[in-house]
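Undergrad: Provided herewith: data_26.txt, compact mmCIF, C-alpha atoms and all ligand atoms.
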# COMPACT_ATOMS: atom_id res chain seq x y z
CA MET I 1 0.00 0.00 0.00
CA GLY I 2 1.21 3.50 -0.65
CA ASN I 3 4.70 4.06 -2.07
CA ASP I 4 3.13 5.34 -5.27
CA GLY I 5 4.56 8.86 -5.24
CA GLY I 6 3.18 10.32 -2.03
CA SER I 7 -0.34 11.19 -3.12
CA ILE I 8 -1.67 10.47 0.34
CA PRO I 9 -1.84 13.78 2.22
CA THR I 10 0.03 13.89 5.49
CA ARG I 11 -1.71 14.80 8.69
CA ARG I 12 0.12 18.13 8.68
CA GLU I 13 -1.25 19.00 5.27
CA LEU I 14 -4.74 18.09 6.36
CA VAL I 15 -4.50 20.31 9.41
CA LYS I 16 -3.14 23.18 7.30
CA SER I 17 -5.97 23.05 4.79
CA ALA I 18 -8.48 22.91 7.61
CA ALA I 19 -7.07 26.14 8.96
CA ARG I 20 -7.44 27.85 5.59
CA ALA I 21 -11.10 27.03 5.09
CA PRO I 22 -13.24 26.33 8.13
CA THR I 23 -15.54 23.39 7.71
CA ILE I 24 -19.26 23.84 7.75
CA SER I 25 -19.46 22.38 11.22
CA GLU I 26 -16.83 24.84 12.43
CA MET I 27 -18.72 27.72 10.89
CA LYS I 28 -21.88 26.47 12.53
CA ALA I 29 -20.10 26.26 15.87
CA ASN I 30 -18.90 29.86 15.51
CA ALA I 31 -22.36 31.08 14.59
CA LEU I 32 -23.85 29.22 17.52
CA GLU I 33 -21.28 30.78 19.83
CA SER I 34 -22.11 34.33 18.77
CA LEU I 35 -25.81 33.51 18.92
CA ALA I 36 -25.35 32.18 22.44
CA HIS I 37 -23.64 35.45 23.34
CA ALA I 38 -26.50 37.48 21.89
CA TRP I 39 -28.99 35.41 23.86
CA ALA I 40 -27.19 36.19 27.09
CA HIS I 41 -25.87 39.73 26.71
CA ASP I 42 -27.15 43.20 26.05
CA PRO I 43 -25.43 44.32 22.82
CA LEU I 44 -25.17 47.93 24.00
CA THR I 45 -23.67 47.36 27.42
CA SER I 46 -22.39 43.77 27.18
CA GLU I 47 -24.06 43.23 30.53
CA PRO I 48 -25.90 39.95 31.12
CA LEU I 49 -29.49 40.03 29.93
CA ASP I 50 -32.08 40.02 32.67
CA MET I 51 -34.71 37.75 31.13
CA ASP I 52 -37.41 39.16 33.41
CA ASN I 53 -36.81 42.61 31.99
CA VAL I 54 -35.82 41.97 28.42
CA VAL I 55 -37.11 43.91 25.42
CA SER I 56 -36.73 43.44 21.69
CA ASP I 57 -36.59 45.74 18.71
CA TRP I 58 -38.09 45.01 15.29
CA ARG I 59 -34.96 43.12 14.28
CA GLY I 60 -35.50 40.61 17.07
CA ARG I 61 -32.45 41.77 18.99
CA LEU I 62 -32.57 41.54 22.77
CA TYR I 63 -31.77 44.34 25.20
CA ASN I 64 -32.19 44.98 28.87
CA TYR I 65 -35.16 47.26 29.44
CA GLU I 66 -32.95 49.28 31.74
CA THR I 67 -30.48 49.99 28.94
CA ILE I 68 -33.18 51.32 26.65
CA LEU I 69 -34.67 53.47 29.40
CA ARG I 70 -31.27 54.93 30.18
CA SER I 71 -30.52 55.50 26.53
CA LEU I 72 -33.84 57.22 25.92
CA MET I 73 -33.39 59.71 28.74
CA PRO I 74 -33.45 63.15 27.22
CA SER I 75 -30.09 64.74 27.92
CA ASP I 76 -31.62 68.21 28.43
CA GLU I 77 -33.56 66.89 31.40
CA GLN I 78 -30.61 65.65 33.38
CA PRO I 79 -31.14 66.53 37.04
CA SER I 80 -27.52 67.36 37.78
CA PRO I 81 -24.35 68.06 35.86
CA ASP I 82 -22.62 64.91 37.12
CA ALA I 83 -25.39 62.64 35.90
CA PRO I 84 -24.39 60.41 33.02
CA THR I 85 -25.25 62.01 29.70
CA ASP I 86 -24.12 59.23 27.42
CA PRO I 87 -26.00 55.97 27.07
CA PRO I 88 -24.08 53.09 28.60
CA SER I 89 -21.78 51.59 26.04
CA ASN I 90 -18.68 49.48 26.03
CA GLY I 91 -17.50 51.18 22.87
CA ALA I 92 -17.20 47.92 20.96
CA GLY I 93 -20.79 46.96 20.20
CA PRO I 94 -23.44 48.85 18.28
CA THR I 95 -24.30 52.35 19.41
CA PHE I 96 -27.77 53.15 20.64
CA ALA I 97 -28.36 55.45 17.67
CA SER I 98 -27.71 52.55 15.30
CA THR I 99 -30.57 50.56 16.82
CA GLY I 100 -33.09 53.07 15.51
CA ILE I 101 -34.97 52.96 18.82
CA ARG I 102 -36.43 56.40 19.46
CA SER I 103 -39.12 55.68 22.01
CA LEU I 104 -40.63 52.93 24.08
CA ARG I 105 -43.00 52.34 21.18
CA ASP I 106 -40.12 50.95 19.17
CA ILE I 107 -39.60 48.05 21.55
CA VAL I 108 -41.71 45.22 22.88
CA LYS I 109 -41.26 43.94 26.38
CA LEU I 110 -40.87 40.18 26.27
CA LYS I 111 -42.57 37.72 28.58
CA VAL I 112 -40.31 34.72 28.80
CA THR I 113 -41.58 31.71 30.70
CA CYS I 114 -39.38 30.47 33.52
CA SER I 115 -38.99 26.72 33.83
CA GLY I 116 -39.57 27.02 37.56
CA ASP I 117 -36.61 24.85 38.41
CA LYS I 118 -35.23 26.14 41.67
CA GLY I 119 -31.83 27.71 41.58
CA THR I 120 -31.72 27.96 37.81
CA ASP I 121 -32.81 30.58 35.32
CA VAL I 122 -33.88 28.27 32.53
CA ARG I 123 -36.39 29.76 30.11
CA ILE I 124 -38.76 27.56 28.22
CA CYS I 125 -41.50 27.62 25.63
CA PRO I 126 -44.73 27.20 27.64
CA ILE I 127 -46.26 25.02 24.91
CA SER I 128 -43.45 22.77 23.71
CA LEU I 129 -41.43 23.04 26.95
CA LYS I 130 -38.34 23.41 24.77
CA LYS I 131 -35.51 25.24 26.41
CA LEU I 132 -35.24 28.69 24.87
CA GLY I 133 -31.85 29.85 23.72
CA PRO I 134 -29.45 29.66 20.80
CA ALA I 135 -30.29 26.04 20.04
CA THR I 136 -34.03 26.64 19.64
CA LYS I 137 -35.54 28.99 17.11
CA ALA I 138 -37.74 31.24 19.19
CA VAL I 139 -40.32 33.87 18.34
CA TYR I 140 -42.39 36.43 20.18
CA LEU I 141 -45.79 37.84 19.45
CA VAL I 142 -46.51 41.50 18.93
CA PRO I 143 -48.16 43.14 20.70
CA CYS I 144 -48.31 40.91 23.81
CA GLY I 145 -44.62 39.90 23.89
CA HIS I 146 -45.04 36.26 24.88
CA VAL I 147 -42.15 34.09 23.75
CA PHE I 148 -42.48 30.62 22.25
CA ALA I 149 -40.51 28.10 20.27
CA ASP I 150 -41.09 28.69 16.57
CA VAL I 151 -42.31 25.13 16.05
CA ALA I 152 -44.96 25.55 18.73
CA ILE I 153 -46.41 28.72 17.23
CA LYS I 154 -46.52 27.10 13.79
CA GLU I 155 -48.80 24.42 15.20
CA ILE I 156 -51.37 26.88 16.41
CA ARG I 157 -54.47 27.15 14.28
CA GLU I 158 -56.10 30.20 15.74
CA GLU I 159 -54.18 33.43 15.83
CA LEU I 160 -54.60 33.91 19.54
CA CYS I 161 -51.70 33.97 21.96
CA PRO I 162 -51.73 30.63 23.83
CA GLU I 163 -50.67 32.42 27.01
CA CYS I 164 -52.91 35.48 27.13
CA SER I 165 -55.42 34.90 24.31
CA GLU I 166 -54.52 38.17 22.72
CA PRO I 167 -55.07 38.11 18.96
CA PHE I 168 -52.03 38.39 16.74
CA LYS I 169 -51.36 38.36 13.03
CA SER I 170 -48.88 35.93 11.55
CA GLU I 171 -46.83 38.85 10.23
CA ASN I 172 -46.36 39.99 13.82
CA VAL I 173 -44.62 36.81 14.89
CA VAL I 174 -41.08 38.11 15.31
CA PRO I 175 -38.15 35.70 15.35
CA ILE I 176 -35.67 36.32 18.15
CA LEU I 177 -32.12 36.90 16.91
CA PRO I 178 -32.95 35.56 13.45
CA ALA I 179 -30.10 33.83 11.65
CA ASP I 180 -32.12 33.11 8.53
CA LYS I 181 -31.76 35.65 5.73
CA ALA I 182 -35.39 35.10 4.79
CA ASP I 183 -36.45 36.01 8.34
CA VAL I 184 -34.34 39.15 8.35
CA LYS I 185 -35.82 40.19 5.02
CA ARG I 186 -39.33 39.55 6.25
CA LEU I 187 -38.73 41.69 9.34
CA GLU I 188 -37.40 44.53 7.18
CA GLN I 189 -40.46 44.38 4.96
CA ARG I 190 -42.73 44.22 7.98
CA MET I 191 -41.14 47.36 9.42
CA GLU I 192 -41.42 49.20 6.09
CA LYS I 193 -45.11 48.41 5.98
CA LEU I 194 -45.64 49.53 9.57
CA ARG I 195 -43.78 52.80 8.99
CA ALA I 196 -45.89 53.46 5.91
CA ALA I 197 -48.97 52.95 8.08
CA GLY I 198 -47.62 55.34 10.74
CA LEU I 199 -47.05 52.57 13.26
CA THR I 200 -44.09 51.49 15.33
CA HIS I 201 -42.74 48.00 15.93
CA ALA I 202 -45.01 47.69 18.98
CA LEU I 203 -47.98 48.53 16.70
CA LYS I 204 -48.47 51.88 18.36
CA LYS I 205 -49.00 55.15 16.59
CA ASP I 206 -45.68 56.68 15.67
CA LYS I 207 -45.87 59.98 17.50
CA SER I 208 -43.16 59.36 19.99
CA ASN I 209 -42.03 62.93 20.41
CA LYS I 210 -45.31 64.25 21.72
CA LYS I 211 -46.28 64.38 25.39
CA LYS I 212 -42.72 63.71 26.50
CA ARG I 213 -42.29 66.96 28.37
CA LYS I 214 -45.53 66.69 30.32
CA ALA I 215 -44.30 64.02 32.70
CA LYS I 216 -41.46 66.16 33.91
CA GLY I 217 -41.43 66.77 37.63
CA THR I 218 -43.70 63.89 38.58
CA ALA I 219 -41.00 62.21 40.66
CA GLU I 220 -39.97 65.19 42.71
CA GLY I 221 -39.23 64.97 46.41
CA ASP I 222 -38.78 61.62 48.10
CA SER I 223 -35.04 61.99 48.43
CA SER I 224 -34.54 60.09 51.67
CA GLY I 225 -31.14 59.11 52.93
CA GLU I 226 -31.44 55.39 52.14
CA LYS I 227 -31.98 56.17 48.52
CA ARG I 228 -28.53 57.65 48.25
CA HIS I 229 -27.21 54.12 48.47
CA ALA I 230 -29.36 53.00 45.61
CA THR I 231 -27.69 50.03 44.02
CA GLU I 232 -28.79 47.15 41.84
CA GLU I 233 -31.02 45.95 44.67
CA ALA I 234 -32.84 49.24 44.72
CA VAL I 235 -33.25 49.41 40.98
CA LYS I 236 -34.41 45.84 40.52
CA PRO I 237 -37.65 45.92 42.51
CA ALA I 238 -38.71 48.92 40.49
CA LYS I 239 -38.31 46.91 37.32
CA LYS I 240 -40.89 44.39 38.49
CA ASP I 241 -43.61 46.98 37.99
CA ALA I 242 -42.75 47.44 34.39
CA PRO I 243 -44.66 44.59 32.70
CA SER I 244 -48.05 45.80 33.86
CA LYS I 245 -47.40 49.16 32.33
CA THR I 246 -46.70 47.82 28.89
CA SER I 247 -49.40 45.16 28.83
CA GLY I 248 -52.85 45.64 27.44
CA ILE I 249 -51.62 47.07 24.18
CA ASN I 250 -54.45 45.29 22.42
CA ASN I 251 -56.79 48.03 23.53
CA PRO I 252 -55.29 51.04 21.86
CA MET I 253 -57.63 53.70 23.14
CA ALA I 254 -56.12 57.11 23.20
CA ALA I 255 -56.79 57.63 26.89
CA SER I 256 -55.11 54.46 28.04
CA LEU I 257 -52.18 55.05 25.72
CA THR I 258 -51.66 58.50 27.11
CA ALA I 259 -51.80 57.14 30.64
CA LYS I 260 -49.22 54.52 29.76
CA VAL I 261 -46.87 56.97 28.14
CA LEU I 262 -47.09 59.22 31.16
CA ALA I 263 -46.55 56.29 33.50
CA GLU I 264 -43.51 55.24 31.52
CA GLN I 265 -42.12 58.73 31.54
CA GLU I 266 -42.69 58.89 35.26
CA GLU I 267 -40.87 55.63 35.72
CA MET I 268 -38.00 56.88 33.60
CA SER I 269 -37.83 59.99 35.68
CA LYS I 270 -37.69 57.95 38.88
CA ARG I 271 -35.04 55.70 37.46
CA ARG I 272 -32.97 58.62 36.31
CA LYS I 273 -32.90 59.84 39.88
CA LEU I 274 -31.91 56.45 41.18
CA LEU I 275 -29.26 56.02 38.54
CA ALA I 276 -27.88 59.47 39.05
CA ARG I 277 -27.17 58.59 42.68
CA SER I 278 -25.70 55.16 42.06
ZN ZN C 1 -49.53 36.72 24.89
Output the file's structure in the form of structure tokens.

TA:
Amino acid sequence: MGNDGGSIPTRRELVKSAARAPTISEMKANALESLAHAWAHDPLTSEPLDMDNVVSDWRGRLYNYETILRSLMPSDEQPSPDAPTDPPSNGAGPTFASTGIRSLRDIVKLKVTCSGDKGTDVRICPISLKKLGPATKAVYLVPCGHVFADVAIKEIREELCPECSEPFKSENVVPILPADKADVKRLEQRMEKLRAAGLTHALKKDKSNKKKRKAKGTAEGDSSGEKRHATEEAVKPAKKDAPSKTSGINNPMAASLTAKVLAEQEEMSKRRKLLARS
């Protein structure tokens, strides 16, 4: 065997050629790794994602709600000169401006089911019980924000959210961190259509710049000594109130929308105070 002129490649040659062109499985592993990172980290701050307070833009990217609130704070309303004026950023990832998020109407707060296993933070699809993450294609529904495995939502006949019975249209099933080019294209077309109709990603009327100033001053006073030591612990309980304020989007009456916007602005104002002290 062999001895016919050395046509059999040596191990060294094989290794070299592998380094030049990554195999498909290597490329898949790399893609999975970056997807896993995106599932676990806020792209703007690189901080770990808090799955109880996670929001998504129309591209299906995930952010901490806190990051978006901080980034949306109008700089001309800063309470003191030493308050942070720049959105949190590690300098390496995308900038907030590049996300295109201009108001809370451009994001949807996600409701991600917890597996309930003690001591873990495993998130699952409430229908298929699949573990949500980079290995499972996941989607969320607009407007309600409930998150499911893609396969589970495809099985549903009626266009009602299985968790909250809120109606949704198939075009408003948004893939989370889509890797598929077809999905990305579909999301772009969806957003174009919404913009043309004067709507935001969250299916709200695109008039984000109105009413913003009215909420100013709602969180005055209440500057007790304990609050000066506001840390993560102090900020976190406040976050728990957030879901109720963004739910019920299916009933887009002007009055309730206005109330919500004002409530959100008030919350932002409170947070700004907390953050300014921390
Ligand atoms: Zn729902």

Undergrad: Expressed in Å to a single decimal, how great is the separation between atom CA of I:Leu69 and atom CA of I:Val184?

TA: 25.5 Å

Undergrad: For stretch 28-35 of chain I, work out the shell of residues within 12 Å, counting all atoms listed in the file and skipping chain neighbours fewer than 5 positions away, then give it as a list in words.

TA: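 Listing them by chain and then by number gives Pro22, Thr23, Ala40, His41, Pro43, Arg61, Leu62, Gly133, Pro134, Ala135, Thr136, Lys137, Ile176, Leu177, Pro178, Ala179 and Asp180 of chain I.
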
Undergrad: Just to be explicit: take each residue in the selection above, keep C-alpha atoms, and write the result as a PDB file, in the frame of the given file.

TA:
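Produced file again-v7.pdb, reproduced below:
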ATOM      1  CA  PRO I  22     -13.240  26.330   8.130  1.00  0.00           C
ATOM      2  CA  THR I  23     -15.540  23.390   7.710  1.00  0.00           C
ATOM      3  CA  ALA I  40     -27.190  36.190  27.090  1.00  0.00           C
ATOM      4  CA  HIS I  41     -25.870  39.730  26.710  1.00  0.00           C
ATOM      5  CA  PRO I  43     -25.430  44.320  22.820  1.00  0.00           C
ATOM      6  CA  ARG I  61     -32.450  41.770  18.990  1.00  0.00           C
ATOM      7  CA  LEU I  62     -32.570  41.540  22.770  1.00  0.00           C
ATOM      8  CA  GLY I 133     -31.850  29.850  23.720  1.00  0.00           C
ATOM      9  CA  PRO I 134     -29.450  29.660  20.800  1.00  0.00           C
ATOM     10  CA  ALA I 135     -30.290  26.040  20.040  1.00  0.00           C
ATOM     11  CA  THR I 136     -34.030  26.640  19.640  1.00  0.00           C
ATOM     12  CA  LYS I 137     -35.540  28.990  17.110  1.00  0.00           C
ATOM     13  CA  ILE I 176     -35.670  36.320  18.150  1.00  0.00           C
ATOM     14  CA  LEU I 177     -32.120  36.900  16.910  1.00  0.00           C
ATOM     15  CA  PRO I 178     -32.950  35.560  13.450  1.00  0.00           C
ATOM     16  CA  ALA I 179     -30.100  33.830  11.650  1.00  0.00           C
ATOM     17  CA  ASP I 180     -32.120  33.110   8.530  1.00  0.00           C
TER      18      ASP I 180
END

Undergrad: Just to confirm, what's the straight-line distance from atom CA of I:Glu158 to atom CA of I:Leu141 in Å (one decimal)?

TA: 13.4 Å

Undergrad: Residues within 9 Å of ligand ZN 1 (chain C) (only C-alpha atoms and all ligand atoms), as a PyMOL selection string?

TA: chain I and resi 111+140-147+160-168

Undergrad: I'd like the interatomic distance between atom CA of I:Arg190 and atom CA of I:Asn172, to a tenth of an Å.

TA: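 One can read the atom CA of I:Arg190 to atom CA of I:Asn172 distance as 8.1 Å.
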